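Undergrad: Pasting data-v3.pdb below, which is PDB, C-alpha atoms, pLDDT in the B column.
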ATOM      1  CA  MET Y 319      -6.786 -70.611   8.614  1.00 92.00           C
ATOM      2  CA  TYR Y 320     -10.184 -69.622   7.241  1.00 95.00           C
ATOM      3  CA  SER Y 321     -12.918 -72.141   6.378  1.00 96.00           C
ATOM      4  CA  ILE Y 322     -16.071 -71.820   4.299  1.00 96.00           C
ATOM      5  CA  ASP Y 323     -18.737 -74.536   4.377  1.00 96.00           C
ATOM      6  CA  LEU Y 324     -20.201 -75.123   0.920  1.00 95.00           C
ATOM      7  CA  GLY Y 325     -22.455 -78.063   1.736  1.00 92.00           C
ATOM      8  CA  GLU Y 326     -20.738 -81.177   0.442  1.00 87.00           C
ATOM      9  CA  PHE Y 327     -17.368 -79.356   0.351  1.00 92.00           C
ATOM     10  CA  ARG Y 328     -15.305 -77.196   2.684  1.00 94.00           C
ATOM     11  CA  LEU Y 329     -12.928 -74.550   1.350  1.00 95.00           C
ATOM     12  CA  ASP Y 330      -9.932 -73.770   3.600  1.00 96.00           C
ATOM     13  CA  PHE Y 331      -7.309 -71.070   2.950  1.00 96.00           C
ATOM     14  CA  GLU Y 332      -4.676 -69.091   4.839  1.00 95.00           C
ATOM     15  CA  SER Y 333      -5.556 -65.607   3.609  1.00 93.00           C
ATOM     16  CA  ALA Y 334      -7.312 -63.403   1.125  1.00 88.00           C
ATOM     17  CA  ILE Y 335      -4.976 -61.267  -0.997  1.00 83.00           C
ATOM     18  CA  ILE Y 336      -5.430 -57.757  -2.374  1.00 77.00           C
ATOM     19  CA  TRP Y 337      -3.297 -55.629  -4.642  1.00 71.00           C
ATOM     20  CA  ALA Y 338      -2.358 -52.459  -2.745  1.00 70.00           C
ATOM     21  CA  PRO Y 339      -0.040 -49.501  -3.309  1.00 66.00           C
ATOM     22  CA  CYS Y 340       3.319 -50.037  -1.622  1.00 70.00           C
ATOM     23  CA  ASP Y 341       3.139 -46.639   0.085  1.00 68.00           C
ATOM     24  CA  GLY Y 342      -0.364 -47.462   1.359  1.00 64.00           C
ATOM     25  CA  THR Y 343      -1.911 -44.242   0.076  1.00 64.00           C
ATOM     26  CA  ASN Y 344      -1.580 -43.752  -3.698  1.00 60.00           C
ATOM     27  CA  TYR Y 345      -4.592 -45.616  -5.094  1.00 60.00           C
ATOM     28  CA  ASP Y 346      -4.100 -44.220  -8.608  1.00 62.00           C
ATOM     29  CA  TRP Y 347      -4.413 -47.213 -10.980  1.00 60.00           C
ATOM     30  CA  LEU Y 348      -1.577 -45.734 -13.043  1.00 61.00           C
ATOM     31  CA  ASN Y 349       0.769 -45.921 -10.039  1.00 63.00           C
ATOM     32  CA  PRO Y 350       3.264 -48.695 -10.939  1.00 66.00           C
ATOM     33  CA  ASP Y 351       4.256 -49.401  -7.335  1.00 71.00           C
ATOM     34  CA  TRP Y 352       1.725 -52.025  -6.161  1.00 69.00           C
ATOM     35  CA  ALA Y 353       2.162 -55.314  -4.305  1.00 72.00           C
ATOM     36  CA  ASP Y 354       0.135 -58.281  -3.095  1.00 72.00           C
ATOM     37  CA  THR Y 355      -0.755 -58.006   0.570  1.00 77.00           C
ATOM     38  CA  PRO Y 356      -2.934 -60.084   2.915  1.00 79.00           C
ATOM     39  CA  GLN Y 357      -6.451 -58.757   3.414  1.00 83.00           C
ATOM     40  CA  GLN Y 358      -8.353 -58.828   6.681  1.00 87.00           C
ATOM     41  CA  ILE Y 359     -11.735 -60.443   6.061  1.00 91.00           C
ATOM     42  CA  GLU Y 360     -14.922 -61.415   7.836  1.00 93.00           C
ATOM     43  CA  ILE Y 361     -16.858 -64.495   6.730  1.00 95.00           C
ATOM     44  CA  VAL Y 362     -20.628 -64.583   7.172  1.00 96.00           C
ATOM     45  CA  GLN Y 363     -21.479 -68.251   6.761  1.00 97.00           C
ATOM     46  CA  GLY Y 364     -24.779 -69.133   5.115  1.00 95.00           C
ATOM     47  CA  ASP Y 365     -26.365 -72.482   4.335  1.00 95.00           C
ATOM     48  CA  GLY Y 366     -23.958 -73.933   1.750  1.00 94.00           C
ATOM     49  CA  SER Y 367     -22.491 -70.540   0.839  1.00 96.00           C
ATOM     50  CA  ALA Y 368     -20.840 -67.549   2.471  1.00 97.00           C
ATOM     51  CA  SER Y 369     -20.485 -63.822   2.121  1.00 95.00           C
ATOM     52  CA  VAL Y 370     -16.917 -62.587   2.557  1.00 94.00           C
ATOM     53  CA  ILE Y 371     -16.401 -58.952   3.485  1.00 91.00           C
ATOM     54  CA  GLY Y 372     -13.015 -57.283   3.154  1.00 86.00           C
ATOM     55  CA  LEU Y 373     -12.158 -55.234   6.228  1.00 82.00           C
ATOM     56  CA  THR Y 374      -9.206 -53.693   4.389  1.00 74.00           C
ATOM     57  CA  GLY Y 375      -8.827 -52.607   0.778  1.00 70.00           C
ATOM     58  CA  ARG Y 376     -10.944 -50.376  -1.409  1.00 65.00           C
ATOM     59  CA  PHE Y 377     -13.744 -50.534  -3.925  1.00 65.00           C
ATOM     60  CA  ALA Y 378     -14.475 -54.059  -5.233  1.00 68.00           C
ATOM     61  CA  GLN Y 379     -11.775 -55.536  -2.968  1.00 70.00           C
ATOM     62  CA  ARG Y 380     -14.106 -55.063   0.009  1.00 73.00           C
ATOM     63  CA  GLY Y 381     -16.978 -57.045  -1.489  1.00 77.00           C
ATOM     64  CA  PRO Y 382     -19.138 -58.458  -0.219  1.00 91.00           C
ATOM     65  CA  HIS Y 383     -18.070 -61.516  -2.185  1.00 90.00           C
ATOM     66  CA  ALA Y 384     -20.580 -64.350  -2.555  1.00 94.00           C
ATOM     67  CA  VAL Y 385     -18.730 -67.666  -2.295  1.00 96.00           C
ATOM     68  CA  ARG Y 386     -21.001 -70.395  -3.607  1.00 95.00           C
ATOM     69  CA  ILE Y 387     -21.216 -73.463  -5.763  1.00 95.00           C
ATOM     70  CA  LEU Y 388     -22.366 -72.433  -9.229  1.00 93.00           C
ATOM     71  CA  ALA Y 389     -25.925 -73.388 -10.118  1.00 92.00           C
ATOM     72  CA  PRO Y 390     -26.682 -75.119 -12.313  1.00 92.00           C
ATOM     73  CA  SER Y 391     -23.740 -77.303 -11.407  1.00 93.00           C
ATOM     74  CA  ILE Y 392     -20.691 -77.057 -13.676  1.00 94.00           C
ATOM     75  CA  ARG Y 393     -18.181 -79.899 -13.335  1.00 94.00           C
ATOM     76  CA  THR Y 394     -15.722 -79.402 -16.206  1.00 94.00           C
ATOM     77  CA  GLU Y 395     -13.150 -76.769 -17.067  1.00 94.00           C
ATOM     78  CA  GLN Y 396     -14.804 -76.239 -20.450  1.00 94.00           C
ATOM     79  CA  GLY Y 397     -18.132 -75.663 -18.693  1.00 94.00           C
ATOM     80  CA  VAL Y 398     -16.594 -72.960 -16.484  1.00 94.00           C
ATOM     81  CA  VAL Y 399     -14.950 -71.337 -19.534  1.00 94.00           C
ATOM     82  CA  GLU Y 400     -18.344 -71.245 -21.294  1.00 92.00           C
ATOM     83  CA  HIS Y 401     -19.949 -69.762 -18.168  1.00 91.00           C
ATOM     84  CA  LEU Y 402     -17.289 -67.032 -18.049  1.00 90.00           C
ATOM     85  CA  LEU Y 403     -17.617 -66.328 -21.776  1.00 90.00           C
ATOM     86  CA  ARG Y 404     -21.334 -65.609 -21.260  1.00 88.00           C
ATOM     87  CA  LYS Y 405     -20.409 -63.052 -18.564  1.00 84.00           C
ATOM     88  CA  ALA Y 406     -17.533 -61.454 -20.506  1.00 83.00           C
ATOM     89  CA  GLY Y 407     -18.711 -58.126 -21.781  1.00 78.00           C
ATOM     90  CA  PRO Y 408     -21.332 -57.165 -24.353  1.00 83.00           C
ATOM     91  CA  PRO Y 409     -22.446 -59.660 -27.027  1.00 85.00           C
ATOM     92  CA  GLU Y 410     -20.807 -57.618 -29.807  1.00 88.00           C
ATOM     93  CA  LEU Y 411     -17.363 -58.009 -28.210  1.00 88.00           C
ATOM     94  CA  PRO Y 412     -15.370 -60.467 -30.375  1.00 91.00           C
ATOM     95  CA  TRP Y 413     -15.090 -64.031 -29.051  1.00 91.00           C
ATOM     96  CA  ASP Y 414     -11.266 -64.048 -29.244  1.00 93.00           C
ATOM     97  CA  ILE Y 415     -11.027 -60.966 -26.979  1.00 92.00           C
ATOM     98  CA  LYS Y 416     -13.402 -62.568 -24.488  1.00 92.00           C
ATOM     99  CA  ARG Y 417     -11.472 -65.853 -24.573  1.00 93.00           C
ATOM    100  CA  ALA Y 418      -8.155 -64.019 -24.060  1.00 94.00           C
ATOM    101  CA  ALA Y 419      -9.570 -62.565 -20.824  1.00 92.00           C
ATOM    102  CA  ILE Y 420      -9.993 -66.042 -19.313  1.00 94.00           C
ATOM    103  CA  LYS Y 421      -6.935 -67.594 -17.683  1.00 94.00           C
ATOM    104  CA  SER Y 422      -6.428 -71.053 -16.255  1.00 95.00           C
ATOM    105  CA  GLN Y 423      -3.896 -72.249 -13.693  1.00 95.00           C
ATOM    106  CA  ASP Y 424      -3.492 -75.711 -12.176  1.00 94.00           C
ATOM    107  CA  PHE Y 425      -2.928 -76.309  -8.464  1.00 94.00           C
ATOM    108  CA  PRO Y 426      -2.813 -79.470  -6.333  1.00 92.00           C
ATOM    109  CA  TRP Y 427      -6.444 -78.817  -5.330  1.00 91.00           C
ATOM    110  CA  GLY Y 428      -7.749 -78.257  -8.874  1.00 93.00           C
ATOM    111  CA  THR Y 429      -7.854 -75.563 -11.530  1.00 94.00           C
ATOM    112  CA  LEU Y 430      -8.263 -71.833 -10.983  1.00 95.00           C
ATOM    113  CA  LEU Y 431     -10.039 -69.986 -13.782  1.00 94.00           C
ATOM    114  CA  SER Y 432     -10.226 -66.201 -13.832  1.00 92.00           C
ATOM    115  CA  LEU Y 433     -11.949 -63.628 -15.983  1.00 90.00           C
ATOM    116  CA  ASP Y 434      -9.778 -60.485 -16.243  1.00 87.00           C
ATOM    117  CA  TYR Y 435     -12.082 -57.525 -16.861  1.00 84.00           C
ATOM    118  CA  CYS Y 436      -9.052 -55.303 -17.557  1.00 82.00           C
ATOM    119  CA  VAL Y 437      -8.456 -57.261 -20.791  1.00 84.00           C
ATOM    120  CA  LEU Y 438     -12.063 -56.440 -21.736  1.00 86.00           C
ATOM    121  CA  GLY Y 439     -11.442 -52.715 -21.225  1.00 81.00           C
ATOM    122  CA  TYR Y 440     -12.987 -52.411 -17.755  1.00 79.00           C
ATOM    123  CA  ALA Y 441     -11.339 -51.226 -14.518  1.00 66.00           C
ATOM    124  CA  PRO Y 442      -8.739 -53.644 -13.095  1.00 61.00           C
ATOM    125  CA  GLY Y 443     -10.181 -56.725 -11.489  1.00 59.00           C
ATOM    126  CA  GLY Y 444     -11.535 -60.115 -12.315  1.00 64.00           C
ATOM    127  CA  THR Y 445     -13.903 -62.806 -11.208  1.00 66.00           C
ATOM    128  CA  GLU Y 446     -12.083 -65.971 -10.250  1.00 69.00           C
ATOM    129  CA  TYR Y 447     -13.303 -69.552 -10.026  1.00 73.00           C
ATOM    130  CA  CYS Y 448     -11.765 -72.824  -8.988  1.00 62.00           C
ATOM    131  CA  LEU Y 449     -12.692 -76.263 -10.205  1.00 68.00           C
ATOM    132  CA  LEU Y 450     -12.520 -79.171  -7.800  1.00 64.00           C
ATOM    133  CA  PRO Y 451     -10.249 -82.027  -8.905  1.00 57.00           C
ATOM    134  CA  ILE Y 452     -12.565 -84.756  -7.677  1.00 66.00           C
ATOM    135  CA  GLY Y 453     -15.262 -84.058 -10.229  1.00 73.00           C
ATOM    136  CA  GLY Y 454     -16.942 -81.631  -7.876  1.00 85.00           C
ATOM    137  CA  PRO Y 455     -18.823 -78.511  -8.913  1.00 93.00           C
ATOM    138  CA  ALA Y 456     -17.207 -75.158  -9.730  1.00 94.00           C
ATOM    139  CA  ILE Y 457     -17.128 -72.628  -6.916  1.00 94.00           C
ATOM    140  CA  SER Y 458     -17.673 -68.921  -7.600  1.00 93.00           C
ATOM    141  CA  LEU Y 459     -15.551 -66.551  -5.514  1.00 92.00           C
ATOM    142  CA  ASP Y 460     -16.742 -63.273  -7.077  1.00 88.00           C
ATOM    143  CA  PHE Y 461     -13.828 -60.800  -6.842  1.00 86.00           C
ATOM    144  CA  LEU Y 462     -12.321 -62.532  -3.793  1.00 90.00           C
ATOM    145  CA  ARG Y 463      -8.680 -63.433  -4.370  1.00 90.00           C
ATOM    146  CA  LEU Y 464      -7.105 -66.050  -2.132  1.00 93.00           C
ATOM    147  CA  ASP Y 465      -3.588 -67.208  -1.400  1.00 94.00           C
ATOM    148  CA  TRP Y 466      -4.044 -69.968  -3.985  1.00 93.00           C
ATOM    149  CA  ALA Y 467      -1.090 -72.061  -2.779  1.00 94.00           C
ATOM    150  CA  THR Y 468      -2.749 -72.480   0.635  1.00 95.00           C
ATOM    151  CA  VAL Y 469      -6.208 -73.455  -0.639  1.00 95.00           C
ATOM    152  CA  ARG Y 470      -7.496 -76.869   0.424  1.00 94.00           C
ATOM    153  CA  ILE Y 471     -10.831 -78.339  -0.609  1.00 93.00           C
ATOM    154  CA  TYR Y 472     -12.379 -81.203   1.319  1.00 91.00           C
ATOM    155  CA  ARG Y 473     -15.438 -83.327   0.656  1.00 90.00           C
ATOM    156  CA  THR Y 474     -17.564 -83.200   3.808  1.00 89.00           C
ATOM    157  CA  GLN Y 475     -20.321 -85.659   2.882  1.00 77.00           C
TER     158      GLN Y 475
END
For this file, write the structure as structure tokens.
TA:
Amino acid sequence: MYSIDLGEFRLDFESAIIWAPCDGTNYDWLNPDWADTPQQIEIVQGDGSASVIGLTGRFAQRGPHAVRILAPSIRTEQGVVEHLLRKAGPPELPWDIKRAAIKSQDFPWGTLLSLDYCVLGYAPGGTEYCLLPIGGPAISLDFLRLDWATVRIYRTQ
């Protein structure tokens, strides 16, 4: 179990996940034979945030990923969606394309929101966020993907 101290919250999870070629060698994005696999990581804990470095994987999968509470604080799903819309591509990109790149999924610990840059025409990947169910602030995970079913978020203060 991994833990990240975020000040008033602690984020626990079993593993980080990366998308890797099944044969372990063919990193061509057009290769259809990919699967989710656990990623070895190292966590460098800061004061209320952490940097997560992938010890396996390639390119953006390795990070470093800054795990932090968004500032200014965002405490609603709509607020996180608006934050992601501001990050989603150039201003001339139509709003409906940007909005289609943002996905939401509910879990017992809260809501996961992700921005899929592939939908925007960029290389595969996305920036994923989770929203705490107890009215807590949104947490940015950068490109770090977790085993979402094992995530637990605890208030520490």
Undergrad: Mind pulling up the distance from atom CA of Y:Ala418 to atom CA of Y:Asp434?
TA: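 Taking atom CA of Y:Asp434 as the start and atom CA of Y:Ala418 as the end point, the length is 8.7 Å.
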Undergrad: I need the output of the PyMOL selection byres ((chain Y and resi 381-395) around 6) for this file as a PyMOL selection string; which residues are they?
TA: chain Y and resi 367-371+378-380+396-398+453-460
Undergrad: Could you check how far atom CA of Y:Tyr472 sits from atom CA of Y:Ser321, in Å to one decimal?
TA: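 We find that atom CA of Y:Tyr472 and atom CA of Y:Ser321 lie 10.4 Å from each other.
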Undergrad: I need the residue nearest Y:Trp466 from this list: Y:Gln423, Y:Gln363, Y:Thr355, Y:Thr374. Use only C-alpha atoms for the distance.
TA: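 When distances to Y:Trp466 are compared using only C-alpha atoms, the smallest one comes from Y:Gln423.
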Undergrad: For Y:Val437, which residue out of Y:Ala406, Y:Asp351, Y:Arg463, Y:Phe425 is the nearest one, using all atoms listed in the file?
TA: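 Among the listed residues, the smallest separation from Y:Val437 belongs to Y:Ala406.
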Undergrad: Please indicate the distance in Å from atom CA of Y:Asp365 to atom CA of Y:Phe327, rounded to one decimal place.
TA: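 Calculated distance between atom CA of Y:Asp365 and atom CA of Y:Phe327 is 12.0 Å.
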Undergrad: How big is the axis-aligned box around the listed atoms of stretch 388-392 of chain Y once 6 Å is added on each side, and where is its centre? Give both in Å to one decimal, as JSON.
TA:
{"center_x": -23.7, "center_y": -74.9, "center_z": -11.5, "size_x": 18.0, "size_y": 16.9, "size_z": 16.4}
Undergrad: Could you check which residues have any atom within 8 Å of (-7.6, -71.3, -16.3), counting all atoms listed in the file with coordinates taken straight from the file, and then list them as a ChimeraX atom specification?
TA: /Y:395,420-424,429-432
Undergrad: Would you put the residues from that selection into a file with C-alpha atoms, as a CSV table (one decimal), keeping the file's coordinate frame?
TA:
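Saved to again.csv:
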chain,number,residue,atom,x,y,z
Y,395,GLU,CA,-13.2,-76.8,-17.1
Y,420,ILE,CA,-10.0,-66.0,-19.3
Y,421,LYS,CA,-6.9,-67.6,-17.7
Y,422,SER,CA,-6.4,-71.1,-16.3
Y,423,GLN,CA,-3.9,-72.2,-13.7
Y,424,ASP,CA,-3.5,-75.7,-12.2
Y,429,THR,CA,-7.9,-75.6,-11.5
Y,430,LEU,CA,-8.3,-71.8,-11.0
Y,431,LEU,CA,-10.0,-70.0,-13.8
Y,432,SER,CA,-10.2,-66.2,-13.8
Undergrad: Which residues are near Y:Pro426? Cut-off 9 Å, all atoms listed in the file, ignore same chain within fewer than 3 positions. Put them as a PDB file with C-alpha atoms, keeping the file's coordinate frame.
TA:
ATOM      1  CA  THR Y 429      -7.854 -75.563 -11.530  1.00 94.00           C
ATOM      2  CA  PRO Y 451     -10.249 -82.027  -8.905  1.00 57.00           C
ATOM      3  CA  ALA Y 467      -1.090 -72.061  -2.779  1.00 94.00           C
ATOM      4  CA  VAL Y 469      -6.208 -73.455  -0.639  1.00 95.00           C
ATOM      5  CA  ARG Y 470      -7.496 -76.869   0.424  1.00 94.00           C
TER       6      ARG Y 470
END
Undergrad: Can you list what the PyMOL selection byres ((chain Y and resi 326) around 8) grabs from this structure, as a VMD selection string?
TA: chain Y and resid 323 to 325 327 to 328 473 to 475
Undergrad: May I have the residues within 12 Å of Y:Pro356 as a PDB file with C-alpha atoms, keeping the file's coordinate frame, using all atoms listed in the file and disregarding those fewer than 6 positions away in the same chain?
TA:
ATOM      1  CA  PHE Y 331      -7.309 -71.070   2.950  1.00 96.00           C
ATOM      2  CA  GLU Y 332      -4.676 -69.091   4.839  1.00 95.00           C
ATOM      3  CA  SER Y 333      -5.556 -65.607   3.609  1.00 93.00           C
ATOM      4  CA  ALA Y 334      -7.312 -63.403   1.125  1.00 88.00           C
ATOM      5  CA  ILE Y 335      -4.976 -61.267  -0.997  1.00 83.00           C
ATOM      6  CA  ILE Y 336      -5.430 -57.757  -2.374  1.00 77.00           C
ATOM      7  CA  TRP Y 337      -3.297 -55.629  -4.642  1.00 71.00           C
ATOM      8  CA  ALA Y 338      -2.358 -52.459  -2.745  1.00 70.00           C
ATOM      9  CA  GLY Y 372     -13.015 -57.283   3.154  1.00 86.00           C
ATOM     10  CA  LEU Y 373     -12.158 -55.234   6.228  1.00 82.00           C
ATOM     11  CA  THR Y 374      -9.206 -53.693   4.389  1.00 74.00           C
ATOM     12  CA  GLY Y 375      -8.827 -52.607   0.778  1.00 70.00           C
ATOM     13  CA  GLN Y 379     -11.775 -55.536  -2.968  1.00 70.00           C
ATOM     14  CA  LEU Y 462     -12.321 -62.532  -3.793  1.00 90.00           C
ATOM     15  CA  ARG Y 463      -8.680 -63.433  -4.370  1.00 90.00           C
ATOM     16  CA  LEU Y 464      -7.105 -66.050  -2.132  1.00 93.00           C
ATOM     17  CA  ASP Y 465      -3.588 -67.208  -1.400  1.00 94.00           C
TER      18      ASP Y 465
END
